[in-house]
file coords.cif (mmCIF, C-alpha atoms)
data_upload
#
loop_
_atom_site.group_PDB
_atom_site.id
_atom_site.type_symbol
_atom_site.label_atom_id
_atom_site.label_comp_id
_atom_site.auth_asym_id
_atom_site.auth_seq_id
_atom_site.Cartn_x
_atom_site.Cartn_y
_atom_site.Cartn_z
ATOM 1 C CA MET A 1 42.792 48.141 52.131
ATOM 2 C CA PRO A 2 39.338 46.724 51.137
ATOM 3 C CA PRO A 3 39.210 42.984 50.239
ATOM 4 C CA PRO A 4 39.005 43.092 46.443
ATOM 5 C CA LEU A 5 41.985 45.444 46.224
ATOM 6 C CA SER A 6 43.994 43.548 48.845
ATOM 7 C CA TRP A 7 43.381 40.295 46.952
ATOM 8 C CA ILE A 8 44.682 41.836 43.740
ATOM 9 C CA VAL A 9 47.766 43.168 45.544
ATOM 10 C CA ALA A 10 48.335 39.775 47.197
ATOM 11 C CA ILE A 11 48.055 37.951 43.859
ATOM 12 C CA ALA A 12 50.414 40.455 42.198
ATOM 13 C CA GLN A 13 52.938 40.035 45.041
ATOM 14 C CA PHE A 14 52.690 36.251 44.782
ATOM 15 C CA LEU A 15 53.248 36.349 41.026
ATOM 16 C CA TYR A 16 56.204 38.730 41.370
ATOM 17 C CA ASN A 17 57.862 36.639 44.105
ATOM 18 C CA PHE A 18 57.078 33.442 42.219
ATOM 19 C CA ILE A 19 58.370 34.527 38.832
ATOM 20 C CA VAL A 20 60.991 37.196 39.513
ATOM 21 C CA GLY A 21 62.187 36.350 43.039
ATOM 22 C CA ASP A 22 64.798 38.339 44.936
ATOM 23 C CA ASP A 23 66.979 39.434 42.005
ATOM 24 C CA TRP A 24 64.960 41.429 39.488
ATOM 25 C CA SER A 25 68.033 42.117 37.331
ATOM 26 C CA VAL A 26 68.141 38.482 36.148
ATOM 27 C CA ALA A 27 64.513 38.639 34.971
ATOM 28 C CA ALA A 28 65.154 42.020 33.331
ATOM 29 C CA ALA A 29 68.221 40.675 31.501
ATOM 30 C CA VAL A 30 66.225 37.675 30.252
ATOM 31 C CA GLY A 31 63.433 39.991 29.044
ATOM 32 C CA ILE A 32 65.893 42.249 27.200
ATOM 33 C CA GLY A 33 67.620 39.158 25.802
ATOM 34 C CA LEU A 34 64.355 37.793 24.407
ATOM 35 C CA ILE A 35 63.590 41.143 22.741
ATOM 36 C CA LEU A 36 67.093 41.262 21.206
ATOM 37 C CA THR A 37 66.738 37.640 20.078
ATOM 38 C CA ALA A 38 63.447 38.473 18.360
ATOM 39 C CA VAL A 39 65.046 41.477 16.628
ATOM 40 C CA LEU A 40 68.037 39.403 15.431
ATOM 41 C CA ASN A 41 65.757 36.592 14.281
ATOM 42 C CA VAL A 42 63.508 38.944 12.310
ATOM 43 C CA ASN A 43 66.629 40.250 10.558
ATOM 44 C CA HIS A 44 67.700 36.668 9.716
ATOM 45 C CA ILE A 45 70.725 36.753 12.047
ATOM 46 C CA VAL A 46 71.496 33.563 13.967
ATOM 47 C CA ALA A 47 70.250 34.302 17.493
ATOM 48 C CA TRP A 48 69.902 31.028 19.432
ATOM 49 C CA TRP A 49 73.165 31.612 21.329
ATOM 50 C CA LEU A 50 72.154 34.929 22.972
ATOM 51 C CA ILE A 51 69.894 33.693 25.790
ATOM 52 C CA PRO A 52 72.292 30.876 26.879
ATOM 53 C CA VAL A 53 75.105 33.473 27.046
ATOM 54 C CA ILE A 54 72.909 35.852 29.078
ATOM 55 C CA VAL A 55 71.919 33.000 31.415
ATOM 56 C CA VAL A 56 75.561 32.075 32.091
ATOM 57 C CA LEU A 57 76.702 35.703 32.564
ATOM 58 C CA MET A 58 73.770 36.810 34.733
ATOM 59 C CA LEU A 59 74.124 33.740 36.944
ATOM 60 C CA GLY A 60 77.724 34.738 37.649
ATOM 61 C CA ILE A 61 76.820 38.389 38.316
ATOM 62 C CA SER A 62 73.889 37.444 40.556
ATOM 63 C CA LEU A 63 75.956 34.895 42.511
ATOM 64 C CA ARG A 64 78.761 37.411 43.055
ATOM 65 C CA ARG A 65 76.279 40.042 44.241
ATOM 66 C CA ALA A 66 74.652 37.549 46.638
ATOM 67 C CA SER A 67 77.977 36.460 48.145
ATOM 68 C CA GLN A 68 78.999 40.106 48.638
ATOM 69 C CA LYS A 69 75.702 40.721 50.484
ATOM 70 C CA VAL A 70 76.451 37.803 52.824
ATOM 71 C CA ARG A 71 79.808 39.366 53.657
ATOM 72 C CA MET B 1 45.890 6.288 4.241
ATOM 73 C CA THR B 2 48.634 5.259 6.604
ATOM 74 C CA GLY B 3 48.285 1.843 8.286
ATOM 75 C CA LEU B 4 46.876 1.670 11.819
ATOM 76 C CA TRP B 5 50.043 0.201 13.310
ATOM 77 C CA ALA B 6 52.172 2.846 11.644
ATOM 78 C CA VAL B 7 49.910 5.536 13.150
ATOM 79 C CA LEU B 8 50.065 3.897 16.582
ATOM 80 C CA LEU B 9 53.855 3.570 16.522
ATOM 81 C CA THR B 10 54.516 7.030 15.098
ATOM 82 C CA THR B 11 52.209 8.895 17.488
ATOM 83 C CA PHE B 12 53.464 6.797 20.425
ATOM 84 C CA LEU B 13 57.109 7.688 19.731
ATOM 85 C CA ALA B 14 56.422 11.326 18.885
ATOM 86 C CA SER B 15 54.255 11.735 21.989
ATOM 87 C CA ALA B 16 56.822 9.937 24.164
ATOM 88 C CA VAL B 17 59.410 12.602 23.305
ATOM 89 C CA GLU B 18 57.053 15.295 24.605
ATOM 90 C CA ALA B 19 55.846 13.131 27.520
ATOM 91 C CA ILE B 20 59.432 12.681 28.752
ATOM 92 C CA GLU B 21 59.753 16.461 29.117
ATOM 93 C CA MET B 22 56.377 16.619 30.886
ATOM 94 C CA VAL B 23 57.183 13.794 33.323
ATOM 95 C CA THR B 24 60.676 15.184 34.023
ATOM 96 C CA ILE B 25 59.176 18.458 35.219
ATOM 97 C CA VAL B 26 56.321 16.865 37.191
ATOM 98 C CA VAL B 27 58.580 14.305 38.930
ATOM 99 C CA GLY B 28 61.240 16.952 39.640
ATOM 100 C CA VAL B 29 58.711 19.345 41.188
ATOM 101 C CA GLY B 30 56.953 16.526 43.063
ATOM 102 C CA ALA B 31 60.168 15.187 44.570
ATOM 103 C CA THR B 32 61.261 18.693 45.576
ATOM 104 C CA ARG B 33 58.032 20.253 46.848
ATOM 105 C CA GLY B 34 55.839 17.261 47.661
ATOM 106 C CA TRP B 35 53.537 15.059 45.639
ATOM 107 C CA ARG B 36 49.984 15.951 46.624
ATOM 108 C CA SER B 37 49.810 19.449 45.156
ATOM 109 C CA THR B 38 52.044 18.458 42.223
ATOM 110 C CA LEU B 39 49.786 15.561 41.206
ATOM 111 C CA ILE B 40 46.679 17.715 41.650
ATOM 112 C CA GLY B 41 48.352 20.329 39.426
ATOM 113 C CA ALA B 42 49.190 17.668 36.837
ATOM 114 C CA ALA B 43 45.640 16.265 37.010
ATOM 115 C CA SER B 44 44.274 19.809 36.611
ATOM 116 C CA GLY B 45 46.492 20.203 33.557
ATOM 117 C CA PHE B 46 45.098 16.978 32.072
ATOM 118 C CA GLY B 47 41.583 18.197 32.880
ATOM 119 C CA VAL B 48 42.205 21.449 31.019
ATOM 120 C CA LEU B 49 43.670 19.474 28.123
ATOM 121 C CA ALA B 50 40.638 17.174 27.991
ATOM 122 C CA VAL B 51 38.341 20.201 27.837
ATOM 123 C CA VAL B 52 40.550 21.890 25.227
ATOM 124 C CA VAL B 53 40.648 18.739 23.087
ATOM 125 C CA ALA B 54 36.882 18.214 23.471
ATOM 126 C CA ILE B 55 36.053 21.809 22.536
ATOM 127 C CA GLY B 56 38.803 22.396 20.015
ATOM 128 C CA GLY B 57 38.808 19.036 18.239
ATOM 129 C CA VAL B 58 40.196 19.474 14.798
ATOM 130 C CA ALA B 59 40.713 23.210 15.383
ATOM 131 C CA LEU B 60 43.374 22.315 17.991
ATOM 132 C CA SER B 61 45.972 21.929 15.291
ATOM 133 C CA TYR B 62 45.426 25.611 14.417
ATOM 134 C CA ILE B 63 46.039 27.045 17.924
ATOM 135 C CA PRO B 64 49.224 29.146 17.665
ATOM 136 C CA ILE B 65 51.762 27.223 19.716
ATOM 137 C CA GLY B 66 54.391 29.951 19.175
ATOM 138 C CA PRO B 67 52.984 32.614 21.554
ATOM 139 C CA LEU B 68 52.126 29.901 24.094
ATOM 140 C CA ARG B 69 55.657 28.526 24.018
ATOM 141 C CA LEU B 70 57.147 32.009 24.259
ATOM 142 C CA GLY B 71 55.053 32.965 27.279
ATOM 143 C CA ILE B 72 55.431 29.737 29.229
ATOM 144 C CA GLY B 73 59.073 29.320 28.173
ATOM 145 C CA ALA B 74 59.964 32.831 29.392
ATOM 146 C CA LEU B 75 58.216 32.242 32.726
ATOM 147 C CA LEU B 76 59.935 28.889 33.155
ATOM 148 C CA LEU B 77 63.311 30.415 32.240
ATOM 149 C CA VAL B 78 63.084 33.250 34.790
ATOM 150 C CA PHE B 79 61.705 30.990 37.514
ATOM 151 C CA GLY B 80 64.191 28.204 36.733
ATOM 152 C CA LEU B 81 67.068 30.648 37.056
ATOM 153 C CA GLN B 82 66.010 31.310 40.675
ATOM 154 C CA TRP B 83 66.356 27.641 41.561
ATOM 155 C CA PHE B 84 69.514 27.359 39.472
ATOM 156 C CA ARG B 85 71.202 30.203 41.392
ATOM 157 C CA LYS B 86 69.993 29.088 44.826
ATOM 158 C CA GLY B 87 70.962 25.495 44.080
ATOM 159 C CA ILE B 88 74.517 26.583 43.223
ATOM 160 C CA MET B 89 74.756 28.636 46.435
ATOM 161 C CA ARG B 90 73.503 25.785 48.603
ATOM 162 C CA VAL B 91 75.618 23.052 47.048
ATOM 163 C CA ALA B 92 78.664 25.345 47.291
ATOM 164 C CA ALA B 93 77.912 26.140 50.927
ATOM 165 C CA ARG B 94 76.724 22.782 52.245
ATOM 166 C CA GLY B 95 77.796 20.179 49.728
ATOM 167 C CA LEU B 96 75.232 17.418 49.275
ATOM 168 C CA ALA B 97 73.523 17.965 52.639
ATOM 169 C CA GLY B 98 69.928 19.026 52.618
ATOM 170 C CA ILE B 99 67.386 16.335 53.347
ATOM 171 C CA GLY B 100 66.229 16.656 56.932
ATOM 172 C CA GLY B 101 68.559 19.588 57.496
ATOM 173 C CA THR B 102 67.505 23.080 58.406
ATOM 174 C CA ASP B 103 67.598 25.741 55.753
ATOM 175 C CA PRO B 104 68.962 29.099 56.826
ATOM 176 C CA GLN B 105 67.640 30.888 53.755
ATOM 177 C CA GLY B 106 64.305 29.201 53.189
ATOM 178 C CA ASP B 107 62.728 29.547 49.757
ATOM 179 C CA GLU B 108 60.424 28.145 47.128
ATOM 180 C CA ALA B 109 62.171 24.790 46.864
ATOM 181 C CA GLU B 110 61.370 23.700 50.430
ATOM 182 C CA LEU B 111 59.218 20.607 50.838
ATOM 183 C CA TRP B 112 55.723 21.954 51.452
ATOM 184 C CA LYS B 113 54.594 21.269 55.040
ATOM 185 C CA GLY B 114 51.789 23.814 55.386
ATOM 186 C CA PRO B 115 48.066 23.069 55.378
ATOM 187 C CA GLY B 116 46.148 23.159 52.109
ATOM 188 C CA MET B 117 47.507 23.483 48.635
ATOM 189 C CA ASP B 118 51.113 24.271 47.648
ATOM 190 C CA TRP B 119 50.219 26.560 44.774
ATOM 191 C CA THR B 120 53.827 26.823 43.546
ATOM 192 C CA ALA B 121 54.026 23.048 42.982
ATOM 193 C CA TRP B 122 50.513 23.036 41.540
ATOM 194 C CA PHE B 123 51.317 25.806 39.077
ATOM 195 C CA LEU B 124 54.621 24.284 37.905
ATOM 196 C CA ALA B 125 53.069 20.842 37.337
ATOM 197 C CA PHE B 126 50.038 22.417 35.676
ATOM 198 C CA LYS B 127 52.207 24.462 33.293
ATOM 199 C CA GLY B 128 54.391 21.495 32.344
ATOM 200 C CA VAL B 129 51.412 19.237 31.641
ATOM 201 C CA VAL B 130 49.432 21.847 29.699
ATOM 202 C CA LEU B 131 52.347 22.930 27.481
ATOM 203 C CA GLU B 132 53.643 19.458 26.642
ATOM 204 C CA GLY B 133 50.157 17.956 26.594
ATOM 205 C CA LEU B 134 49.036 20.530 24.079
ATOM 206 C CA GLU B 135 51.952 19.513 21.879
ATOM 207 C CA VAL B 136 50.957 15.844 22.222
ATOM 208 C CA ALA B 137 47.369 16.774 21.331
ATOM 209 C CA ILE B 138 48.493 18.691 18.258
ATOM 210 C CA ILE B 139 50.696 15.776 17.124
ATOM 211 C CA VAL B 140 47.908 13.249 17.703
ATOM 212 C CA VAL B 141 45.127 15.260 16.061
ATOM 213 C CA SER B 142 47.126 16.414 13.031
ATOM 214 C CA PHE B 143 48.828 13.058 12.402
ATOM 215 C CA GLY B 144 45.659 11.062 13.151
ATOM 216 C CA LEU B 145 43.498 13.147 10.844
ATOM 217 C CA GLY B 146 46.172 13.153 8.149
ATOM 218 C CA ALA B 147 46.444 9.365 8.310
ATOM 219 C CA GLY B 148 42.717 8.792 8.666
ATOM 220 C CA HIS B 149 43.107 7.009 12.038
ATOM 221 C CA LEU B 150 42.317 9.586 14.698
ATOM 222 C CA GLY B 151 41.308 6.861 17.199
ATOM 223 C CA GLY B 152 44.578 5.006 16.713
ATOM 224 C CA ALA B 153 46.546 8.222 17.061
ATOM 225 C CA VAL B 154 44.767 9.028 20.355
ATOM 226 C CA ILE B 155 45.617 5.550 21.685
ATOM 227 C CA GLY B 156 49.269 6.036 20.679
ATOM 228 C CA GLY B 157 49.494 9.461 22.358
ATOM 229 C CA VAL B 158 47.739 8.460 25.587
ATOM 230 C CA GLY B 159 49.757 5.224 25.680
ATOM 231 C CA ALA B 160 53.021 7.185 25.533
ATOM 232 C CA ILE B 161 51.964 9.438 28.423
ATOM 233 C CA VAL B 162 50.883 6.425 30.527
ATOM 234 C CA VAL B 163 54.114 4.471 29.864
ATOM 235 C CA VAL B 164 56.493 7.404 30.368
ATOM 236 C CA GLY B 165 54.499 8.628 33.389
ATOM 237 C CA GLY B 166 54.631 5.152 34.948
ATOM 238 C CA ILE B 167 58.400 4.978 34.505
ATOM 239 C CA GLY B 168 58.817 8.464 36.001
ATOM 240 C CA LEU B 169 56.683 7.671 39.041
ATOM 241 C CA ALA B 170 58.446 4.316 39.562
ATOM 242 C CA LEU B 171 61.811 6.076 39.682
ATOM 243 C CA HIS B 172 60.757 8.979 41.889
ATOM 244 C CA ARG B 173 62.007 7.234 45.033
ATOM 245 C CA THR B 174 65.484 7.286 43.511
ATOM 246 C CA VAL B 175 65.041 10.985 42.740
ATOM 247 C CA ARG B 176 63.981 11.621 46.352
ATOM 248 C CA ARG B 177 67.200 10.071 47.699
ATOM 249 C CA ILE B 178 69.191 12.845 46.057
ATOM 250 C CA PRO B 179 70.031 15.578 48.587
ATOM 251 C CA ARG B 180 67.591 18.470 48.380
ATOM 252 C CA SER B 181 70.174 21.134 47.570
ATOM 253 C CA LEU B 182 71.444 19.076 44.637
ATOM 254 C CA LEU B 183 67.867 18.295 43.586
ATOM 255 C CA GLN B 184 67.043 22.000 43.566
ATOM 256 C CA LEU B 185 70.076 22.602 41.382
ATOM 257 C CA ILE B 186 69.108 19.789 38.980
ATOM 258 C CA VAL B 187 65.498 20.992 38.698
ATOM 259 C CA GLY B 188 66.758 24.564 38.240
ATOM 260 C CA VAL B 189 69.004 23.426 35.402
ATOM 261 C CA LEU B 190 66.117 21.464 33.818
ATOM 262 C CA LEU B 191 63.617 24.315 34.078
ATOM 263 C CA THR B 192 66.163 26.785 32.704
ATOM 264 C CA THR B 193 66.993 24.384 29.861
ATOM 265 C CA PHE B 194 63.382 23.794 28.792
ATOM 266 C CA GLY B 195 62.531 27.462 29.370
ATOM 267 C CA THR B 196 65.373 28.553 27.095
ATOM 268 C CA PHE B 197 64.392 26.029 24.431
ATOM 269 C CA TRP B 198 60.663 26.781 24.424
ATOM 270 C CA ALA B 199 60.981 30.574 24.675
ATOM 271 C CA LEU B 200 63.252 30.738 21.645
ATOM 272 C CA GLU B 201 61.138 28.255 19.703
ATOM 273 C CA GLY B 202 58.184 30.529 20.478
ATOM 274 C CA LEU B 203 60.103 33.393 18.862
ATOM 275 C CA GLY B 204 60.573 31.284 15.758
ATOM 276 C CA VAL B 205 64.300 30.702 16.344
ATOM 277 C CA GLU B 206 65.617 27.502 14.792
ATOM 278 C CA TRP B 207 67.810 25.489 17.139
ATOM 279 C CA PRO B 208 70.799 23.695 15.624
ATOM 280 C CA GLY B 209 69.984 19.979 15.810
ATOM 281 C CA ALA B 210 66.290 20.691 16.594
ATOM 282 C CA ASP B 211 65.233 18.831 19.787
ATOM 283 C CA ALA B 212 68.832 17.590 20.257
ATOM 284 C CA ALA B 213 69.666 21.171 21.280
ATOM 285 C CA ILE B 214 67.989 20.389 24.633
ATOM 286 C CA LEU B 215 70.855 18.006 25.387
ATOM 287 C CA GLY B 216 73.395 20.673 24.407
ATOM 288 C CA LEU B 217 71.725 23.202 26.737
ATOM 289 C CA LEU B 218 71.705 20.655 29.570
ATOM 290 C CA ILE B 219 75.447 20.074 29.120
ATOM 291 C CA LEU B 220 76.187 23.836 28.953
ATOM 292 C CA TYR B 221 74.140 24.681 32.043
ATOM 293 C CA GLY B 222 75.437 21.621 33.920
ATOM 294 C CA ALA B 223 79.033 22.651 33.219
ATOM 295 C CA THR B 224 78.176 26.232 34.233
ATOM 296 C CA ALA B 225 76.845 24.950 37.555
ATOM 297 C CA LEU B 226 80.076 23.003 38.217
ATOM 298 C CA VAL B 227 82.243 26.036 37.426
ATOM 299 C CA TYR B 228 80.211 28.403 39.619
ATOM 300 C CA ILE B 229 80.077 25.916 42.510
ATOM 301 C CA THR B 230 83.888 25.710 42.410
ATOM 302 C CA LEU B 231 84.206 29.525 42.247
ATOM 303 C CA GLU B 232 81.728 29.983 45.116
ATOM 304 C CA ARG B 233 83.586 27.460 47.279
ATOM 305 C CA ASN B 234 86.934 29.135 46.575
ATOM 306 C CA ARG B 235 85.387 32.522 47.322
ATOM 307 C CA ALA B 236 83.977 31.250 50.624
ATOM 308 C CA LEU B 237 87.391 29.836 51.553
ATOM 309 C CA GLY B 238 89.102 33.085 50.595
ATOM 310 C CA LEU B 239 91.065 31.434 47.774
ATOM 311 C CA ARG B 240 92.156 33.361 44.719
ATOM 312 C CA PRO B 241 92.763 31.896 41.260
ATOM 313 C CA ALA B 242 96.456 31.370 40.533
ATOM 314 C CA ALA B 243 98.046 34.252 38.560
#
call {"tool": "encode", "arguments": {"input": "coords.cif", "output": "C-alpha cells"}}
result
Amino acid sequence: MPPPLSWIVAIAQFLYNFIVGDDWSVAAAVGIGLILTAVLNVNHIVAWWLIPVIVVLMLGISLRRASQKVR
Amino acid sequence: MTGLWAVLLTTFLASAVEAIEMVTIVVGVGATRGWRSTLIGAASGFGVLAVVVAIGGVALSYIPIGPLRLGIGALLLVFGLQWFRKGIMRVAARGLAGIGGTDPQGDEAELWKGPGMDWTAWFLAFKGVVLEGLEVAIIVVSFGLGAGHLGGAVIGGVGAIVVVGGIGLALHRTVRRIPRSLLQLIVGVLLTTFGTFWALEGLGVEWPGADAAILGLLILYGATALVYITLERNRALGLRPAA
C-alpha cells in the first residue's frame, strides 16, 4: 500500500481503536441512544434519563460477553 | 456597569466550576498515562484557545457550543465506557493491585513507556482543555463585555484556571498512589459522566438540577461499578445469587 493511503488507513485504525475499542456494540448503542434522545427532545419529551440507562445496561451486557469469552 | 470586583469574583467563580472539570480530566489522564504527553496536550489546548480567543475576540461568544459539546461529549462517552468496563473487570479480577504489576490484557490505560509522544494522553488532555477552556472564554468574554470590564473578567478567568490547576497538580501524588486498576475505573467513571452530561447538553437536553446533575451521574455510575464488580467476582467464583 503506497504511503499516503497507508497513513490514512493507519489514522483510521487508530481512531477506531481509540474511540470504539474492542466492543463496537457499546459505541453503536450510545450512537442510537443519542439519536433517540434527540428525537424525544425535539418532541418535548423528557429524555435525559435514556443515555444513563443505556450506559448501565450496555456495561452489563458487555461485561457478561467478555467474561463468557474468557471461559 | 458592574463593579470591577464583582466582575473579578463572578468570572473567577464561574470559571472555577469549568476549570475543576478541566483539571479533573487532565490530572486523571496524567496520573494514569504519564505526565509529559498529558501536559503537552494540555499546553497545546491552551495554545489553541489563545489563538481562538485572539482571532475570535468578541465573536467567540457566538460560536455554537452545542455541536461542539455534542461531538466531544459523544467521543468522551464512548471512550470513557471502554475504561469504565476494563476498570470493572480488573478491579473484580485483581482487587486493588495494579501499580508495578504486570497486565495480562494490556490496553490504553497503561502508563506510557514508549519513546516519543503518547498521543492518547495528548488527545484526551487536549480535548478536555479545549472544551472547558472554550466555555471559560465564552463566560469571560460575554460577562466582561456585558459588564464593561473585559480586562477584569480575563484576570478572573485565568486566575481560576491557575488556582484550580495548582491544586490539582499539588494533589496528583495522592492520585498516583491509588492502584492503577482502580484509577482506570475512576477515570472511566469520570469520562463517562462528563461525556454523558456534555453530549446531552449539546443536544439541547435540560438536566434536572443543571450542573448538579454531574454529581447525580457520578453517584449512579459509581454505584453501577460497585454492583458490577460484585457480580463479576461472584461469577468468577462460580457463585449464584440466592433464589
call {"tool": "closest_atom_pairs", "arguments": {"input": "coords.cif", "of": "chain A", "to": "chain B", "cutoff": "8 Å", "atoms": "all atoms listed in the file", "output": "CSV"}}
result
residue,atom,partner,partner_atom,distance
A:Phe18,CA,B:Phe79,CA,7.0
A:Ile19,CA,B:Phe79,CA,5.0
A:Val20,CA,B:Val78,CA,6.5
A:Gly21,CA,B:Gln82,CA,6.8
A:Val26,CA,B:Val78,CA,7.4
A:Ala27,CA,B:Val78,CA,5.6
A:Val30,CA,B:Val78,CA,7.1
A:Gly31,CA,B:Ala74,CA,8.0
A:Leu34,CA,B:Leu200,CA,7.7
A:Thr37,CA,B:Leu200,CA,7.9
A:Ala38,CA,B:Leu203,CA,6.1
A:Asn41,CA,B:Val205,CA,6.4
A:Ala47,CA,B:Val205,CA,7.0
A:Trp48,CA,B:Trp207,CA,6.3
A:Ile51,CA,B:Thr196,CA,7.0
A:Pro52,CA,B:Thr196,CA,7.3
A:Val55,CA,B:Leu81,CA,7.8
A:Val56,CA,B:Thr224,CA,6.8
A:Leu59,CA,B:Arg85,CA,6.4
A:Gly60,CA,B:Tyr228,CA,7.1
A:Ser62,CA,B:Arg85,CA,7.8
A:Leu63,CA,B:Arg85,CA,6.8
call {"tool": "atom_distance", "arguments": {"input": "coords.cif", "atom1": "atom CA of B:Val136", "atom2": "atom CA of B:Glu21"}}
result
11.2 Å
call {"tool": "closest_residue", "arguments": {"input": "coords.cif", "among": "B:Met117, B:Ile40, B:Leu134, B:Ala153", "to": "B:Thr11", "atoms": "all atoms listed in the file"}}
result
B:Ala153
call {"tool": "resolve_selection", "arguments": {"input": "coords.cif", "expression": "the PyMOL selection byres ((chain B and resi 187) around 10)", "output": "ChimeraX atom specification"}}
result
/B:24-25,27-29,31-32,80-81,83-84,87,109,182-186,188-193
call {"tool": "atom_distance", "arguments": {"input": "coords.cif", "atom1": "atom CA of B:Val26", "atom2": "atom CA of B:Leu124"}}
result
7.6 Å
call {"tool": "atom_distance", "arguments": {"input": "coords.cif", "atom1": "atom CA of B:Asp118", "atom2": "atom CA of B:Ser37"}}
result
5.6 Å
